[in-house]
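Just input_11.pdb here, PDB, C-alpha atoms:
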ATOM      1  CA  ARG C   1     118.114  96.740  89.731  1.00  0.00           C
ATOM      2  CA  LYS C   2     115.885  98.839  91.981  1.00  0.00           C
ATOM      3  CA  GLU C   3     112.650  97.224  93.113  1.00  0.00           C
ATOM      4  CA  VAL C   4     110.660 100.243  91.974  1.00  0.00           C
ATOM      5  CA  GLU C   5     112.101 102.597  89.407  1.00  0.00           C
ATOM      6  CA  GLN C   6     110.623 105.919  88.363  1.00  0.00           C
ATOM      7  CA  ASP C   7     111.479 108.534  85.757  1.00  0.00           C
ATOM      8  CA  PRO C   8     114.292 110.571  87.284  1.00  0.00           C
ATOM      9  CA  GLY C   9     112.832 114.005  86.521  1.00  0.00           C
ATOM     10  CA  PRO C  10     112.485 116.776  87.370  1.00  0.00           C
ATOM     11  CA  PHE C  11     109.683 117.693  85.034  1.00  0.00           C
ATOM     12  CA  ASN C  12     109.180 121.403  84.434  1.00  0.00           C
ATOM     13  CA  VAL C  13     106.086 122.099  82.352  1.00  0.00           C
ATOM     14  CA  PRO C  14     103.855 125.077  81.532  1.00  0.00           C
ATOM     15  CA  GLU C  15     100.339 125.250  82.906  1.00  0.00           C
ATOM     16  CA  GLY C  16      97.935 123.254  80.762  1.00  0.00           C
ATOM     17  CA  ALA C  17     100.514 120.700  79.633  1.00  0.00           C
ATOM     18  CA  THR C  18      99.966 116.960  79.714  1.00  0.00           C
ATOM     19  CA  VAL C  19     102.619 115.081  81.621  1.00  0.00           C
ATOM     20  CA  ALA C  20     103.213 111.356  82.000  1.00  0.00           C
ATOM     21  CA  PHE C  21     105.117 109.548  84.730  1.00  0.00           C
ATOM     22  CA  ASN C  22     106.380 106.020  84.371  1.00  0.00           C
ATOM     23  CA  CYS C  23     107.213 103.425  86.975  1.00  0.00           C
ATOM     24  CA  THR C  24     108.589  99.904  86.581  1.00  0.00           C
ATOM     25  CA  TYR C  25     108.783  97.253  89.283  1.00  0.00           C
ATOM     26  CA  SER C  26     110.888  94.132  89.522  1.00  0.00           C
ATOM     27  CA  ASN C  27     108.815  91.828  91.771  1.00  0.00           C
ATOM     28  CA  SER C  28     106.346  89.905  89.644  1.00  0.00           C
ATOM     29  CA  ALA C  29     104.468  88.906  92.829  1.00  0.00           C
ATOM     30  CA  SER C  30     103.401  92.533  93.352  1.00  0.00           C
ATOM     31  CA  GLN C  31      99.670  92.830  93.781  1.00  0.00           C
ATOM     32  CA  SER C  32      98.781  96.426  94.518  1.00  0.00           C
ATOM     33  CA  PHE C  33      99.938  99.630  92.957  1.00  0.00           C
ATOM     34  CA  PHE C  34      99.530 103.204  94.053  1.00  0.00           C
ATOM     35  CA  TRP C  35     100.457 106.726  93.107  1.00  0.00           C
ATOM     36  CA  TYR C  36     101.079 109.093  95.990  1.00  0.00           C
ATOM     37  CA  ARG C  37     101.736 112.778  95.957  1.00  0.00           C
ATOM     38  CA  GLN C  38     104.247 114.264  98.380  1.00  0.00           C
ATOM     39  CA  ASP C  39     104.590 117.965  98.982  1.00  0.00           C
ATOM     40  CA  CYS C  40     107.841 119.279 100.400  1.00  0.00           C
ATOM     41  CA  ARG C  41     108.538 117.863 103.883  1.00  0.00           C
ATOM     42  CA  LYS C  42     105.007 116.457 104.180  1.00  0.00           C
ATOM     43  CA  GLU C  43     103.618 112.955 104.320  1.00  0.00           C
ATOM     44  CA  PRO C  44     102.726 111.026 101.161  1.00  0.00           C
ATOM     45  CA  LYS C  45      99.061 111.399 100.282  1.00  0.00           C
ATOM     46  CA  LEU C  46      97.265 108.881  98.124  1.00  0.00           C
ATOM     47  CA  LEU C  47      96.509 110.153  94.670  1.00  0.00           C
ATOM     48  CA  MET C  48      95.219 106.977  93.070  1.00  0.00           C
ATOM     49  CA  SER C  49      95.168 103.251  93.469  1.00  0.00           C
ATOM     50  CA  VAL C  50      95.941 101.594  90.141  1.00  0.00           C
ATOM     51  CA  TYR C  51      93.788  98.766  88.874  1.00  0.00           C
ATOM     52  CA  SER C  52      94.382  96.297  86.070  1.00  0.00           C
ATOM     53  CA  SER C  53      91.689  97.900  83.971  1.00  0.00           C
ATOM     54  CA  GLY C  54      93.167 101.342  84.427  1.00  0.00           C
ATOM     55  CA  ASN C  55      91.366 104.123  86.187  1.00  0.00           C
ATOM     56  CA  GLU C  56      90.656 107.783  85.824  1.00  0.00           C
ATOM     57  CA  ASP C  57      89.923 110.520  88.334  1.00  0.00           C
ATOM     58  CA  GLY C  58      89.302 113.880  86.745  1.00  0.00           C
ATOM     59  CA  ARG C  59      92.527 115.017  85.089  1.00  0.00           C
ATOM     60  CA  PHE C  60      94.456 111.991  86.359  1.00  0.00           C
ATOM     61  CA  THR C  61      94.649 108.620  84.608  1.00  0.00           C
ATOM     62  CA  ALA C  62      96.559 105.610  85.868  1.00  0.00           C
ATOM     63  CA  GLN C  63      97.440 102.518  83.864  1.00  0.00           C
ATOM     64  CA  LEU C  64      98.883  99.167  84.853  1.00  0.00           C
ATOM     65  CA  ASN C  65     100.605  96.670  82.606  1.00  0.00           C
ATOM     66  CA  LYS C  66     101.384  93.575  84.638  1.00  0.00           C
ATOM     67  CA  ALA C  67     103.003  91.733  81.746  1.00  0.00           C
ATOM     68  CA  SER C  68     105.554  94.513  81.375  1.00  0.00           C
ATOM     69  CA  GLN C  69     105.586  95.294  85.108  1.00  0.00           C
ATOM     70  CA  TYR C  70     104.867  98.898  84.416  1.00  0.00           C
ATOM     71  CA  VAL C  71     102.639 101.558  85.985  1.00  0.00           C
ATOM     72  CA  SER C  72     101.940 104.991  84.595  1.00  0.00           C
ATOM     73  CA  LEU C  73     100.262 108.216  85.631  1.00  0.00           C
ATOM     74  CA  LEU C  74      99.001 110.809  83.182  1.00  0.00           C
ATOM     75  CA  ILE C  75      98.079 114.321  84.255  1.00  0.00           C
ATOM     76  CA  ARG C  76      96.108 116.370  81.756  1.00  0.00           C
ATOM     77  CA  ASP C  77      95.747 120.154  81.843  1.00  0.00           C
ATOM     78  CA  SER C  78      98.338 120.398  84.598  1.00  0.00           C
ATOM     79  CA  GLN C  79      97.938 123.178  87.136  1.00  0.00           C
ATOM     80  CA  PRO C  80     100.490 124.948  89.341  1.00  0.00           C
ATOM     81  CA  SER C  81      98.805 123.225  92.289  1.00  0.00           C
ATOM     82  CA  ASP C  82      99.917 119.882  90.802  1.00  0.00           C
ATOM     83  CA  SER C  83     103.531 120.814  91.552  1.00  0.00           C
ATOM     84  CA  ALA C  84     104.801 118.117  93.917  1.00  0.00           C
ATOM     85  CA  THR C  85     106.801 114.898  93.976  1.00  0.00           C
ATOM     86  CA  TYR C  86     104.897 111.893  92.663  1.00  0.00           C
ATOM     87  CA  LEU C  87     105.681 108.556  94.263  1.00  0.00           C
ATOM     88  CA  CYS C  88     104.967 105.169  92.805  1.00  0.00           C
ATOM     89  CA  ALA C  89     104.362 102.484  95.459  1.00  0.00           C
ATOM     90  CA  VAL C  90     104.078  98.751  94.967  1.00  0.00           C
ATOM     91  CA  SER C  91     102.854  96.219  97.501  1.00  0.00           C
ATOM     92  CA  THR C  92     103.165  92.441  97.533  1.00  0.00           C
ATOM     93  CA  GLY C  93     100.181  92.283  99.852  1.00  0.00           C
ATOM     94  CA  ALA C  94     102.305  90.609 102.521  1.00  0.00           C
ATOM     95  CA  GLY C  95     102.837  93.739 104.582  1.00  0.00           C
ATOM     96  CA  LYS C  96     105.502  95.636 102.712  1.00  0.00           C
ATOM     97  CA  SER C  97     105.142  98.541 100.327  1.00  0.00           C
ATOM     98  CA  THR C  98     108.103  99.666  98.279  1.00  0.00           C
ATOM     99  CA  PHE C  99     108.326 103.228  97.041  1.00  0.00           C
ATOM    100  CA  GLY C 100     110.188 104.619  94.089  1.00  0.00           C
ATOM    101  CA  ASP C 101     112.513 107.579  94.399  1.00  0.00           C
ATOM    102  CA  GLY C 102     109.779 109.916  93.190  1.00  0.00           C
ATOM    103  CA  THR C 103     109.529 112.259  90.249  1.00  0.00           C
ATOM    104  CA  THR C 104     109.311 115.979  90.910  1.00  0.00           C
ATOM    105  CA  LEU C 105     106.900 118.045  88.865  1.00  0.00           C
ATOM    106  CA  THR C 106     106.869 121.823  88.638  1.00  0.00           C
ATOM    107  CA  VAL C 107     104.031 123.433  86.711  1.00  0.00           C
ATOM    108  CA  LYS C 108     104.680 127.051  85.845  1.00  0.00           C
ATOM    109  CA  PRO C 109     101.780 129.489  85.415  1.00  0.00           C
TER
ATOM    110  CA  GLU B   1      87.695 112.585 108.242  1.00  0.00           C
ATOM    111  CA  PRO B   2      89.695 110.181 110.417  1.00  0.00           C
ATOM    112  CA  GLU B   3      93.437 110.543 110.208  1.00  0.00           C
ATOM    113  CA  VAL B   4      96.653 109.084 111.526  1.00  0.00           C
ATOM    114  CA  THR B   5      98.295 111.268 114.144  1.00  0.00           C
ATOM    115  CA  GLN B   6     101.899 111.246 115.300  1.00  0.00           C
ATOM    116  CA  THR B   7     103.751 112.758 118.239  1.00  0.00           C
ATOM    117  CA  PRO B   8     106.032 114.521 118.641  1.00  0.00           C
ATOM    118  CA  SER B   9     106.276 116.433 115.391  1.00  0.00           C
ATOM    119  CA  HIS B  10     109.976 117.060 116.006  1.00  0.00           C
ATOM    120  CA  GLN B  11     112.461 115.326 118.269  1.00  0.00           C
ATOM    121  CA  VAL B  12     116.100 116.173 118.872  1.00  0.00           C
ATOM    122  CA  THR B  13     118.225 113.646 120.731  1.00  0.00           C
ATOM    123  CA  GLN B  14     121.820 112.848 121.500  1.00  0.00           C
ATOM    124  CA  MET B  15     123.516 109.911 119.831  1.00  0.00           C
ATOM    125  CA  GLY B  16     123.140 106.788 121.943  1.00  0.00           C
ATOM    126  CA  GLN B  17     119.873 107.881 123.542  1.00  0.00           C
ATOM    127  CA  GLU B  18     116.633 105.960 123.249  1.00  0.00           C
ATOM    128  CA  VAL B  19     113.673 107.549 121.509  1.00  0.00           C
ATOM    129  CA  ILE B  20     110.055 106.510 121.273  1.00  0.00           C
ATOM    130  CA  LEU B  21     107.933 107.788 118.439  1.00  0.00           C
ATOM    131  CA  ARG B  22     104.191 107.594 118.896  1.00  0.00           C
ATOM    132  CA  CYS B  23     101.365 107.086 116.475  1.00  0.00           C
ATOM    133  CA  VAL B  24      97.606 106.786 116.735  1.00  0.00           C
ATOM    134  CA  PRO B  25      96.368 104.889 113.670  1.00  0.00           C
ATOM    135  CA  ILE B  26      92.862 105.303 112.279  1.00  0.00           C
ATOM    136  CA  SER B  27      90.588 103.577 114.762  1.00  0.00           C
ATOM    137  CA  ASN B  28      89.103 100.743 112.696  1.00  0.00           C
ATOM    138  CA  HIS B  29      92.348  99.943 110.882  1.00  0.00           C
ATOM    139  CA  LEU B  30      94.069  96.644 111.524  1.00  0.00           C
ATOM    140  CA  TYR B  31      97.476  96.975 109.819  1.00  0.00           C
ATOM    141  CA  PHE B  32     100.069  99.460 110.980  1.00  0.00           C
ATOM    142  CA  TYR B  33     103.384 100.495 109.445  1.00  0.00           C
ATOM    143  CA  TRP B  34     106.465 102.551 110.029  1.00  0.00           C
ATOM    144  CA  TYR B  35     108.448 104.144 107.232  1.00  0.00           C
ATOM    145  CA  ARG B  36     111.346 106.514 107.263  1.00  0.00           C
ATOM    146  CA  GLN B  37     112.551 109.129 104.816  1.00  0.00           C
ATOM    147  CA  ILE B  38     116.047 110.511 105.086  1.00  0.00           C
ATOM    148  CA  LEU B  39     116.184 114.090 103.819  1.00  0.00           C
ATOM    149  CA  GLY B  40     116.279 114.133 100.037  1.00  0.00           C
ATOM    150  CA  GLN B  41     115.840 110.376  99.744  1.00  0.00           C
ATOM    151  CA  LYS B  42     112.972 108.024  99.126  1.00  0.00           C
ATOM    152  CA  VAL B  43     110.391 106.670 101.537  1.00  0.00           C
ATOM    153  CA  GLU B  44     111.702 103.402 102.986  1.00  0.00           C
ATOM    154  CA  PHE B  45     109.635 100.654 104.563  1.00  0.00           C
ATOM    155  CA  LEU B  46     110.662  99.664 108.080  1.00  0.00           C
ATOM    156  CA  VAL B  47     108.014  97.340 109.487  1.00  0.00           C
ATOM    157  CA  SER B  48     104.398  96.257 109.313  1.00  0.00           C
ATOM    158  CA  PHE B  49     102.362  95.084 112.283  1.00  0.00           C
ATOM    159  CA  TYR B  50      99.164  93.080 112.461  1.00  0.00           C
ATOM    160  CA  ASN B  51      97.366  91.263 115.230  1.00  0.00           C
ATOM    161  CA  ASN B  52      99.961  92.331 117.792  1.00  0.00           C
ATOM    162  CA  GLU B  53     102.939  90.992 115.940  1.00  0.00           C
ATOM    163  CA  ILE B  54     105.347  92.024 113.239  1.00  0.00           C
ATOM    164  CA  SER B  55     104.081  90.984 109.823  1.00  0.00           C
ATOM    165  CA  GLU B  56     107.104  92.020 107.777  1.00  0.00           C
ATOM    166  CA  LYS B  57     110.248  93.998 108.366  1.00  0.00           C
ATOM    167  CA  SER B  58     113.026  95.382 106.210  1.00  0.00           C
ATOM    168  CA  GLU B  59     116.766  94.985 106.595  1.00  0.00           C
ATOM    169  CA  ILE B  60     116.835  98.469 108.091  1.00  0.00           C
ATOM    170  CA  PHE B  61     114.708  97.269 111.028  1.00  0.00           C
ATOM    171  CA  ASP B  62     117.507  95.698 113.055  1.00  0.00           C
ATOM    172  CA  ASP B  63     117.780  94.926 116.762  1.00  0.00           C
ATOM    173  CA  GLN B  64     117.937  98.628 117.585  1.00  0.00           C
ATOM    174  CA  PHE B  65     114.316  99.017 116.525  1.00  0.00           C
ATOM    175  CA  SER B  66     111.177  97.683 118.130  1.00  0.00           C
ATOM    176  CA  VAL B  67     107.463  98.301 117.771  1.00  0.00           C
ATOM    177  CA  GLU B  68     104.655  97.947 120.220  1.00  0.00           C
ATOM    178  CA  ARG B  69     100.941  98.468 120.533  1.00  0.00           C
ATOM    179  CA  PRO B  70     100.812  99.209 124.246  1.00  0.00           C
ATOM    180  CA  ASP B  71      97.075  99.821 124.322  1.00  0.00           C
ATOM    181  CA  GLY B  72      94.088  99.895 122.004  1.00  0.00           C
ATOM    182  CA  SER B  73      95.019 103.096 120.263  1.00  0.00           C
ATOM    183  CA  ASN B  74      98.768 103.779 120.262  1.00  0.00           C
ATOM    184  CA  PHE B  75     101.452 102.251 118.057  1.00  0.00           C
ATOM    185  CA  THR B  76     105.040 103.056 118.927  1.00  0.00           C
ATOM    186  CA  LEU B  77     108.462 102.801 117.332  1.00  0.00           C
ATOM    187  CA  LYS B  78     111.410 102.618 119.712  1.00  0.00           C
ATOM    188  CA  ILE B  79     114.990 103.182 118.690  1.00  0.00           C
ATOM    189  CA  ARG B  80     117.161 101.860 121.498  1.00  0.00           C
ATOM    190  CA  SER B  81     120.463 103.605 120.897  1.00  0.00           C
ATOM    191  CA  THR B  82     120.197 106.265 118.238  1.00  0.00           C
ATOM    192  CA  LYS B  83     122.878 106.831 115.633  1.00  0.00           C
ATOM    193  CA  LEU B  84     123.534 109.910 113.532  1.00  0.00           C
ATOM    194  CA  GLU B  85     122.207 108.068 110.496  1.00  0.00           C
ATOM    195  CA  ASP B  86     118.841 107.556 112.184  1.00  0.00           C
ATOM    196  CA  SER B  87     118.108 111.237 111.542  1.00  0.00           C
ATOM    197  CA  ALA B  88     115.099 111.197 109.246  1.00  0.00           C
ATOM    198  CA  MET B  89     111.380 111.783 108.998  1.00  0.00           C
ATOM    199  CA  TYR B  90     109.495 108.815 110.417  1.00  0.00           C
ATOM    200  CA  PHE B  91     106.015 108.183 109.065  1.00  0.00           C
ATOM    201  CA  CYS B  92     103.409 105.960 110.610  1.00  0.00           C
ATOM    202  CA  ALA B  93     100.677 104.563 108.364  1.00  0.00           C
ATOM    203  CA  SER B  94      97.666 102.330 108.717  1.00  0.00           C
ATOM    204  CA  SER B  95      95.382 100.370 106.413  1.00  0.00           C
ATOM    205  CA  GLU B  96      91.917  99.052 107.023  1.00  0.00           C
ATOM    206  CA  THR B  97      92.298  95.334 106.416  1.00  0.00           C
ATOM    207  CA  THR B  98      95.231  94.258 104.270  1.00  0.00           C
ATOM    208  CA  PRO B  99      98.467  95.861 103.069  1.00  0.00           C
ATOM    209  CA  ALA B 100      97.058  95.583  99.575  1.00  0.00           C
ATOM    210  CA  GLU B 101      94.704  98.384 100.483  1.00  0.00           C
ATOM    211  CA  THR B 102      95.456 102.045 100.674  1.00  0.00           C
ATOM    212  CA  GLN B 103      97.804 103.063 103.450  1.00  0.00           C
ATOM    213  CA  TYR B 104      97.059 106.360 105.140  1.00  0.00           C
ATOM    214  CA  PHE B 105     100.065 108.233 106.384  1.00  0.00           C
ATOM    215  CA  GLY B 106     100.482 110.396 109.455  1.00  0.00           C
ATOM    216  CA  PRO B 107     102.236 113.771 109.265  1.00  0.00           C
ATOM    217  CA  GLY B 108     105.534 112.324 110.459  1.00  0.00           C
ATOM    218  CA  THR B 109     108.041 112.889 113.244  1.00  0.00           C
ATOM    219  CA  ARG B 110     111.245 114.611 112.264  1.00  0.00           C
ATOM    220  CA  LEU B 111     114.051 113.033 114.270  1.00  0.00           C
ATOM    221  CA  LEU B 112     117.420 114.713 114.534  1.00  0.00           C
ATOM    222  CA  VAL B 113     120.256 112.830 116.199  1.00  0.00           C
ATOM    223  CA  LEU B 114     123.205 114.971 117.257  1.00  0.00           C
TER
END
Have the structure of the file written as structure tokens, please.
Amino acid sequence: RKEVEQDPGPFNVPEGATVAFNCTYSNSASQSFFWYRQDCRKEPKLLMSVYSSGNEDGRFTAQLNKASQYVSLLIRDSQPSDSATYLCAVSTGAGKSTFGDGTTLTVKP
Amino acid sequence: EPEVTQTPSHQVTQMGQEVILRCVPISNHLYFYWYRQILGQKVEFLVSFYNNEISEKSEIFDDQFSVERPDGSNFTLKIRSTKLEDSAMYFCASSETTPAETQYFGPGTRLLVL
């Protein structure tokens, strides 16, 4: 089993759609959880840190379920500029972050 | 806004040659990392570095790899004898205090081994 597993994608949605990405992790000692966005051939850029209580930033909402070892990202009213690969990253806090394979999103105008 | 910088942006080398990839982490950050991403694959952790020593490393980070903080600002990754399969994008990252915090990534060095 992969340490961090994401929806395989790709997701192709029309502008304005709501899209949800899921991520599961296998290490129960994981402490920190992040969603990054990666544009083609560029570095990952932090989208959101994910907290136990869940958090929201504009059109983006992240949820964490530690009991089920599951992290999610919801994008409302998706825009063409949201088109990218979304990476789930999990850290044990001991110096190592593990990334999922990423889920590619294309939002068509 | 402070950012992680990396040089060179692209490097082409012959198999068996040594390469050194350079990074300047954000100035007040204490933890530094190297990751690699082979084309079309996921971002893979190589090593983390804190207080002038390796904090954690992955199974990819074998004896061919080494890291160093030669001065107060640079953080380097050396590959002693490059292989074809070392061709990848190498990202440096840094975090302010602990790995549990957000890691900020540099723009990467694209390494091509021929």
>> If the PyMOL selection byres ((chain B) within 7 of (chain C)) were run on this exact file, what residues would it hold? Put them as a list in words.
In response: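 Those residues are Gln41, Lys42, Val43, Glu44, Phe45, Ser48, Ser55, Glu56, Thr98, Pro99, Ala100, Phe105, Gly106, Pro107 and Gly108 of chain B.
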Centre and size of axis-aligned box enclosing region 3-20 of chain C plus 8 Å each side, as JSON:
{"center_x": 106.1, "center_y": 111.2, "center_z": 86.4, "size_x": 32.4, "size_y": 44.0, "size_z": 29.5}
> Nearest to Glu101 (chain B) among C:Val50, C:Val19, C:Ala29, C:Val71, with distances taken over only C-alpha atoms: which residue is it?
Replying inline: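 When distances to Glu101 (chain B) are compared using only C-alpha atoms, the smallest one comes from C:Val50.
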>> Neighbouring residues of Val47 (chain B) were defined as those with any atom within 6 Å, considering all atoms listed in the file; residues of the same chain fewer than 6 positions away were excluded. Please report them as a list in words.
In response: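 Here the answer would be Tyr33, Trp34, Glu56 and Lys57 of chain B.
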> Can you list, as a VMD selection string, every protein, DNA or RNA residue that comes within 8 Å of region 3-15 of chain C when you count all atoms listed in the file, leaving out same-chain residues fewer than 4 positions away?
Replying inline: chain C and resid 19 21 to 27 77 to 80 88 to 90 98 to 109
> Restricting the calculation to all atoms listed in the file, which member of B:Phe91, B:Ile54, B:Leu30, B:Thr82 is positioned closest to Leu112 (chain B)?
Replying inline: B:Thr82
